[in-house]
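Asks: Below is the file start.tsv, with TSV, C-alpha atoms.
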```tsv
chain	number	residue	atom	x	y	z
A	1	MET	CA	23.73	-41.17	47.17
A	2	GLY	CA	20.28	-39.63	46.97
A	3	LYS	CA	18.92	-36.91	44.71
A	4	LEU	CA	17.34	-33.48	45.15
A	5	TYR	CA	14.39	-32.50	42.98
A	6	LEU	CA	13.38	-28.84	42.64
A	7	VAL	CA	9.66	-29.02	41.86
A	8	PRO	CA	7.64	-26.01	40.66
A	9	THR	CA	4.12	-25.76	42.07
A	10	PRO	CA	1.08	-23.82	40.79
A	11	ILE	CA	1.08	-20.04	41.29
A	12	GLY	CA	-2.69	-20.07	41.67
A	13	ASN	CA	-4.67	-22.57	39.64
A	14	LEU	CA	-4.00	-26.05	41.06
A	15	GLU	CA	-4.27	-27.58	37.59
A	16	ASP	CA	-1.05	-25.84	36.54
A	17	ILE	CA	1.24	-28.68	37.61
A	18	THR	CA	2.90	-31.30	35.42
A	19	TYR	CA	2.33	-35.05	35.52
A	20	ARG	CA	6.04	-35.47	36.20
A	21	ALA	CA	5.92	-33.11	39.19
A	22	LEU	CA	3.07	-35.11	40.74
A	23	LYS	CA	4.95	-38.36	40.11
A	24	VAL	CA	8.07	-37.04	41.80
A	25	LEU	CA	6.13	-35.71	44.81
A	26	LYS	CA	4.49	-39.11	45.27
A	27	GLU	CA	7.72	-41.10	44.96
A	28	VAL	CA	10.32	-39.15	46.96
A	29	ASP	CA	11.11	-39.97	50.57
A	30	LEU	CA	10.59	-36.41	51.81
A	31	ILE	CA	9.15	-33.08	50.64
A	32	LEU	CA	10.71	-29.84	51.87
A	33	ALA	CA	8.02	-27.16	51.93
A	34	GLU	CA	8.22	-23.42	52.52
A	35	ASP	CA	4.94	-23.56	54.45
A	36	THR	CA	3.64	-27.06	55.19
A	37	ARG	CA	0.09	-25.75	55.68
A	38	THR	CA	0.00	-24.12	52.25
A	39	SER	CA	1.64	-27.08	50.52
A	40	GLY	CA	-0.58	-29.45	52.45
A	41	LYS	CA	-3.59	-28.17	50.49
A	42	LEU	CA	-1.89	-29.01	47.19
A	43	LEU	CA	-0.81	-32.46	48.36
A	44	HIS	CA	-4.26	-33.21	49.75
A	45	HIS	CA	-5.86	-32.16	46.45
A	46	TYR	CA	-3.75	-34.72	44.58
A	47	GLU	CA	-3.89	-37.36	47.32
A	48	ILE	CA	-0.16	-37.26	47.99
A	49	SER	CA	0.85	-38.57	51.42
A	50	THR	CA	4.63	-38.09	51.29
A	51	PRO	CA	6.05	-36.74	54.59
A	52	MET	CA	6.83	-33.01	54.68
A	53	GLN	CA	9.44	-30.96	56.50
A	54	SER	CA	9.53	-27.18	56.89
A	55	HIS	CA	12.27	-25.43	54.89
A	56	HIS	CA	12.00	-21.65	54.60
A	57	MET	CA	14.09	-18.47	54.60
A	58	HIS	CA	14.17	-18.30	58.40
A	59	ASN	CA	15.51	-21.81	59.00
A	60	GLU	CA	17.28	-22.86	55.78
A	61	HIS	CA	20.75	-21.96	57.11
A	62	LYS	CA	20.18	-24.35	60.03
A	63	THR	CA	18.53	-27.21	58.11
A	64	VAL	CA	20.83	-27.51	55.08
A	65	ASP	CA	23.46	-29.70	56.77
A	66	GLY	CA	20.88	-32.20	58.03
A	67	ILE	CA	19.25	-32.40	54.60
A	68	ILE	CA	22.63	-33.00	52.95
A	69	ARG	CA	23.25	-35.90	55.35
A	70	LYS	CA	19.90	-37.44	54.40
A	71	LEU	CA	20.72	-37.12	50.71
A	72	GLN	CA	24.17	-38.65	51.26
A	73	ALA	CA	22.47	-41.55	53.05
A	74	GLY	CA	20.44	-42.24	49.91
A	75	ASP	CA	17.17	-40.36	50.46
A	76	THR	CA	15.40	-38.72	47.55
A	77	ILE	CA	14.04	-35.29	48.46
A	78	ALA	CA	11.79	-32.79	46.67
A	79	LEU	CA	11.95	-29.07	47.43
A	80	ILE	CA	8.85	-26.96	46.79
A	81	SER	CA	7.92	-23.36	47.60
A	82	ASP	CA	4.47	-21.95	48.33
A	83	ALA	CA	4.06	-21.17	44.63
A	84	GLY	CA	6.23	-21.20	41.53
A	85	THR	CA	9.77	-22.46	41.03
A	86	PRO	CA	12.02	-22.87	44.10
A	87	ALA	CA	14.93	-20.42	44.42
A	88	ILE	CA	13.22	-17.70	42.33
A	89	SER	CA	12.73	-15.14	45.15
A	90	ASP	CA	12.10	-18.18	47.37
A	91	PRO	CA	14.28	-20.63	49.35
A	92	GLY	CA	16.31	-23.07	47.28
A	93	PHE	CA	19.66	-21.53	46.39
A	94	LEU	CA	21.48	-22.46	49.59
A	95	LEU	CA	20.43	-26.11	49.42
A	96	THR	CA	21.14	-26.38	45.70
A	97	ARG	CA	24.62	-24.91	46.17
A	98	ALA	CA	25.31	-27.31	49.04
A	99	CYS	CA	24.25	-30.26	46.87
A	100	VAL	CA	26.49	-29.14	44.02
A	101	GLU	CA	29.44	-28.76	46.42
A	102	SER	CA	28.74	-32.26	47.82
A	103	ASN	CA	28.39	-33.84	44.35
A	104	ILE	CA	24.73	-34.67	44.99
A	105	GLU	CA	22.58	-34.79	41.85
A	106	VAL	CA	20.07	-31.96	41.46
A	107	ASP	CA	17.15	-32.14	39.02
A	108	CYS	CA	15.08	-28.97	38.47
A	109	LEU	CA	11.74	-29.72	36.82
A	110	PRO	CA	10.20	-27.17	34.43
A	111	GLY	CA	6.99	-25.52	35.51
A	112	ALA	CA	5.19	-22.47	36.81
A	113	THR	CA	7.06	-19.21	37.41
A	114	ALA	CA	5.01	-16.04	37.92
A	115	PHE	CA	7.20	-13.64	35.96
A	116	VAL	CA	6.99	-15.58	32.66
A	117	PRO	CA	3.25	-15.06	31.93
A	118	ALA	CA	3.48	-11.51	33.30
A	119	LEU	CA	6.35	-10.72	30.93
A	120	VAL	CA	4.77	-12.35	27.89
A	121	ASN	CA	1.35	-10.71	28.29
A	122	SER	CA	2.78	-7.28	29.14
A	123	GLY	CA	3.21	-6.41	25.47
A	124	LEU	CA	6.72	-5.12	26.26
A	125	PRO	CA	9.86	-6.46	24.55
A	126	ASN	CA	10.82	-9.87	25.90
A	127	ASP	CA	13.76	-10.81	23.69
A	128	LYS	CA	16.07	-9.35	26.35
A	129	PHE	CA	15.09	-8.79	29.99
A	130	VAL	CA	16.51	-8.60	33.50
A	131	PHE	CA	14.90	-10.12	36.60
A	132	GLU	CA	15.23	-7.91	39.69
A	133	GLY	CA	12.78	-9.62	42.03
A	134	PHE	CA	12.04	-7.51	45.12
A	135	LEU	CA	13.70	-4.10	45.43
A	136	PRO	CA	15.54	-3.29	48.67
A	137	VAL	CA	13.03	-2.02	51.23
A	138	LYS	CA	15.15	0.86	52.55
A	139	LYS	CA	18.94	0.68	52.39
A	140	GLY	CA	20.17	0.68	48.82
A	141	ARG	CA	16.75	1.25	47.24
A	142	GLN	CA	17.52	4.71	45.85
A	143	THR	CA	20.90	3.59	44.54
A	144	ARG	CA	19.33	0.58	42.83
A	145	LEU	CA	16.59	2.66	41.21
A	146	LYS	CA	19.11	5.17	39.86
A	147	LEU	CA	21.11	2.32	38.34
A	148	LEU	CA	18.06	0.64	36.82
A	149	ALA	CA	16.89	3.94	35.31
A	150	GLU	CA	19.65	3.46	32.71
A	151	GLU	CA	18.76	-0.21	31.98
A	152	THR	CA	17.74	-0.67	28.33
A	153	ARG	CA	16.30	-4.17	28.75
A	154	THR	CA	12.80	-4.89	30.04
A	155	ILE	CA	12.88	-5.13	33.85
A	156	ILE	CA	10.91	-7.58	36.00
A	157	PHE	CA	10.01	-6.88	39.64
A	158	TYR	CA	8.02	-8.67	42.34
A	159	GLU	CA	6.11	-6.51	44.82
A	160	SER	CA	3.70	-6.87	47.72
A	161	PRO	CA	0.27	-5.21	47.38
A	162	HIS	CA	0.76	-2.75	50.25
A	163	LYS	CA	4.00	-1.44	48.70
A	164	LEU	CA	2.85	-1.30	45.06
A	165	VAL	CA	1.71	2.33	45.01
A	166	LYS	CA	4.94	3.50	46.66
A	167	THR	CA	7.02	1.53	44.17
A	168	LEU	CA	5.09	2.82	41.16
A	169	GLY	CA	5.64	6.34	42.49
A	170	HIS	CA	9.37	5.65	42.60
A	171	PHE	CA	9.28	4.34	39.03
A	172	ALA	CA	7.60	7.54	37.86
A	173	GLU	CA	10.20	9.58	39.76
A	174	TYR	CA	13.37	7.73	38.75
A	175	PHE	CA	12.43	6.17	35.39
A	176	GLY	CA	10.16	8.93	34.11
A	177	ALA	CA	6.40	9.51	34.14
A	178	ASP	CA	5.99	8.11	30.62
A	179	ARG	CA	7.96	4.89	31.12
A	180	PRO	CA	5.73	1.94	30.05
A	181	VAL	CA	4.63	-0.30	32.91
A	182	SER	CA	2.53	-3.47	33.12
A	183	VAL	CA	1.24	-4.82	36.44
A	184	SER	CA	-0.06	-8.40	36.57
A	185	ARG	CA	-1.96	-9.42	39.69
A	186	GLU	CA	-3.35	-12.76	40.91
A	187	LEU	CA	-2.06	-14.64	37.85
A	188	THR	CA	-4.02	-17.82	37.00
A	189	LYS	CA	-6.59	-17.06	39.72
A	190	MET	CA	-10.24	-16.03	39.48
A	191	PHE	CA	-9.55	-12.29	39.76
A	192	GLU	CA	-6.46	-12.19	37.55
A	193	GLU	CA	-5.83	-8.83	35.92
A	194	THR	CA	-3.13	-6.97	33.99
A	195	VAL	CA	-3.05	-3.17	33.95
A	196	ARG	CA	-0.86	-1.52	31.31
A	197	GLY	CA	0.07	2.12	30.71
A	198	THR	CA	2.64	4.72	31.65
A	199	ALA	CA	4.09	4.78	35.14
A	200	THR	CA	1.78	7.64	36.12
A	201	GLU	CA	-1.31	6.02	34.56
A	202	VAL	CA	-0.77	2.73	36.38
A	203	LEU	CA	0.06	4.61	39.58
A	204	GLU	CA	-3.22	6.54	39.34
A	205	HIS	CA	-5.16	3.31	38.76
A	206	TYR	CA	-3.83	1.59	41.87
A	207	THR	CA	-3.99	4.74	43.97
A	208	ASN	CA	-7.74	4.75	43.34
A	209	LYS	CA	-8.08	0.97	43.49
A	210	PRO	CA	-5.83	-0.57	46.20
A	211	PRO	CA	-4.50	-3.93	44.96
A	212	LYS	CA	-4.66	-7.37	46.53
A	213	GLY	CA	-2.78	-10.58	45.87
A	214	GLU	CA	0.57	-11.52	44.35
A	215	ILE	CA	2.02	-8.90	41.99
A	216	VAL	CA	4.54	-8.87	39.13
A	217	ILE	CA	5.62	-5.53	37.61
A	218	ILE	CA	7.11	-5.31	34.12
A	219	VAL	CA	8.87	-2.05	33.20
A	220	GLY	CA	10.05	-1.13	29.74
A	221	GLY	CA	13.75	-0.37	29.39
A	222	LYS	CA	15.19	3.04	28.71
A	223	LYS	CA	15.05	4.03	25.02
```
Mind converting the file's structure to structure tokens?

Replies:
Amino acid sequence: MGKLYLVPTPIGNLEDITYRALKVLKEVDLILAEDTRTSGKLLHHYEISTPMQSHHMHNEHKTVDGIIRKLQAGDTIALISDAGTPAISDPGFLLTRACVESNIEVDCLPGATAFVPALVNSGLPNDKFVFEGFLPVKKGRQTRLKLLAEETRTIIFYESPHKLVKTLGHFAEYFGADRPVSVSRELTKMFEETVRGTATEVLEHYTNKPPKGEIVIIVGGKK
């Protein structure tokens, strides 16, 4: 019986990877990558020549069974996403569940996850928090926002740059104009920034300065 490794990869700075992660990526029989072109840059940087196979949200339902057969035949396989820890708003859950159901060992390595530095440097309470990931795009969005408006814990969201202003507007509308918000953008990269303030203050900032890059939003809970 083989083994599945869930291996976190850097969210920006290529130096943010552990020695153990590099060792695993060099030694496994196969690497499952969300985008082989993106992951290829990381592997090339560290001179890793392990074969890769595409495994992403559009094909994971079709590829899981074949991967399970390889693991049952004794292969060791590493799963990586484009950035961060697999299965956190990225592919990984379906394969992990299938391994657990098939009694295949799963080993998740510690490492980079975008929401952790965003939460810690937000200045908002982090003793209790809830991770929401991406909000529904259309159906269910209003219902979810109304529910979260009553949440007393700090709330973590992921958002794309072209939807950030719209989402901040919804936060001001449903959570209140004075609700504290922290937006971290391009974490660990050259143009990393964190903007903190009320929902309306942060909304005004990004209305005047359209954002780019990966974004994590931290919202204070209801008092």

Asks: So that I can see what lies close to region 11-13 of chain A, please list as number ranges by chain the residues with an atom at most 6 Å from it, counting all atoms listed in the file and leaving out residues fewer than 5 positions away in the same chain.

Replies: A: 83-84, 188-189

Asks: Enter the distance from CA of Phe115 (chain A) to CA of Lys139 (chain A), in Å, rounded to one decimal.

Replies: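 Separation of CA of Phe115 (chain A) and CA of Lys139 (chain A): 24.8 Å.
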
Asks: Which is closest to Asn126 (chain A) among A:Leu145, A:Leu109, A:Ile155, A:Ile17, if we use only C-alpha atoms?

Replies: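 For Asn126 (chain A), the nearest of the candidates is A:Ile155.
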
Asks: Set the distance at 12 Å and use all atoms listed in the file: which residues neighbour Glu173 (chain A) once local chain neighbours fewer than 4 positions away are removed? I'd like the list as a PyMOL selection string.

Replies: chain A and resi 142+145-146+149+166-169+177-179+199-200+203

Asks: So how many Å separate CA of Gly213 (chain A) and CA of Glu193 (chain A), to one decimal?

Replies: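 Calculated distance between CA of Gly213 (chain A) and CA of Glu193 (chain A) is 10.6 Å.
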
Asks: Which of these, A:Asp35, A:Asp65, A:Glu101, A:Glu186, has the shortest distance to Ala114 (chain A) once you count all atoms listed in the file?

Replies: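 Looking at the shortest contact to Ala114 (chain A), the residue is A:Glu186.
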
Asks: If you measure from CA of Pro51 (chain A) to CA of Gln72 (chain A), what distance in Å do you get, rounded to one decimal?

Replies: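 Value for the CA of Pro51 (chain A)-CA of Gln72 (chain A) distance: 18.5 Å.
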
Asks: Compile the contact shell of Thr85 (chain A) as a PyMOL selection string: residues with an atom at most 10 Å away, counting all atoms listed in the file, same-chain residues fewer than 2 positions apart removed.

Replies: chain A and resi 6-11+79-83+87-92+108-114

Asks: Between A:Ala21, A:Leu164, A:Val130, A:Val216, which is the closest to Glu151 (chain A) once you count all atoms listed in the file?

Replies: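 Residue with the minimum atom-to-atom distance to Glu151 (chain A): A:Val130.
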
Asks: Of the candidates A:Val120, A:Pro125, A:Thr76, A:Val64, which shows the shortest atom-to-atom distance to Leu25 (chain A), using only C-alpha atoms?

Replies: A:Thr76

Asks: If you keep N, CA, C and O atoms, can you output region 141-154 of chain A as an mmCIF file, in the first residue's frame?

Replies:
```
data_model
loop_
_atom_site.group_PDB
_atom_site.id
_atom_site.type_symbol
_atom_site.label_atom_id
_atom_site.label_comp_id
_atom_site.auth_asym_id
_atom_site.auth_seq_id
_atom_site.Cartn_x
_atom_site.Cartn_y
_atom_site.Cartn_z
ATOM 1 N N ARG A 141 -25.805 34.033 -1.754
ATOM 2 C CA ARG A 141 -24.878 35.044 -1.227
ATOM 3 C C ARG A 141 -25.556 35.920 -0.171
ATOM 4 O O ARG A 141 -25.008 36.132 0.915
ATOM 5 N N GLN A 142 -26.741 36.441 -0.494
ATOM 6 C CA GLN A 142 -27.444 37.316 0.433
ATOM 7 C C GLN A 142 -27.786 36.582 1.734
ATOM 8 O O GLN A 142 -27.607 37.123 2.831
ATOM 9 N N THR A 143 -28.244 35.355 1.597
ATOM 10 C CA THR A 143 -28.585 34.551 2.772
ATOM 11 C C THR A 143 -27.364 34.332 3.651
ATOM 12 O O THR A 143 -27.434 34.435 4.880
ATOM 13 N N ARG A 144 -26.227 34.052 3.012
ATOM 14 C CA ARG A 144 -24.992 33.803 3.772
ATOM 15 C C ARG A 144 -24.528 35.063 4.488
ATOM 16 O O ARG A 144 -24.097 35.017 5.648
ATOM 17 N N LEU A 145 -24.612 36.198 3.832
ATOM 18 C CA LEU A 145 -24.192 37.463 4.432
ATOM 19 C C LEU A 145 -25.072 37.830 5.629
ATOM 20 O O LEU A 145 -24.571 38.305 6.654
ATOM 21 N N LYS A 146 -26.368 37.599 5.506
ATOM 22 C CA LYS A 146 -27.271 37.885 6.621
ATOM 23 C C LYS A 146 -26.946 37.003 7.826
ATOM 24 O O LYS A 146 -26.995 37.455 8.978
ATOM 25 N N LEU A 147 -26.608 35.757 7.564
ATOM 26 C CA LEU A 147 -26.239 34.838 8.643
ATOM 27 C C LEU A 147 -24.933 35.259 9.308
ATOM 28 O O LEU A 147 -24.829 35.304 10.541
ATOM 29 N N LEU A 148 -23.944 35.608 8.478
ATOM 30 C CA LEU A 148 -22.631 35.982 9.003
ATOM 31 C C LEU A 148 -22.650 37.329 9.717
ATOM 32 O O LEU A 148 -21.762 37.608 10.527
ATOM 33 N N ALA A 149 -23.643 38.147 9.442
ATOM 34 C CA ALA A 149 -23.754 39.444 10.121
ATOM 35 C C ALA A 149 -23.911 39.276 11.626
ATOM 36 O O ALA A 149 -23.567 40.178 12.400
ATOM 37 N N GLU A 150 -24.388 38.104 12.061
ATOM 38 C CA GLU A 150 -24.587 37.834 13.486
ATOM 39 C C GLU A 150 -23.410 37.073 14.107
ATOM 40 O O GLU A 150 -23.403 36.832 15.313
ATOM 41 N N GLU A 151 -22.413 36.715 13.289
ATOM 42 C CA GLU A 151 -21.254 35.954 13.775
ATOM 43 C C GLU A 151 -20.397 36.817 14.694
ATOM 44 O O GLU A 151 -20.020 37.926 14.344
ATOM 45 N N THR A 152 -20.090 36.312 15.893
ATOM 46 C CA THR A 152 -19.298 37.079 16.857
ATOM 47 C C THR A 152 -17.803 36.797 16.751
ATOM 48 O O THR A 152 -16.994 37.550 17.303
ATOM 49 N N ARG A 153 -17.437 35.730 16.068
ATOM 50 C CA ARG A 153 -16.015 35.432 15.875
ATOM 51 C C ARG A 153 -15.460 36.190 14.672
ATOM 52 O O ARG A 153 -16.210 36.608 13.793
ATOM 53 N N THR A 154 -14.156 36.360 14.634
ATOM 54 C CA THR A 154 -13.505 36.959 13.470
ATOM 55 C C THR A 154 -13.733 36.053 12.251
ATOM 56 O O THR A 154 -13.674 34.826 12.360
#
```
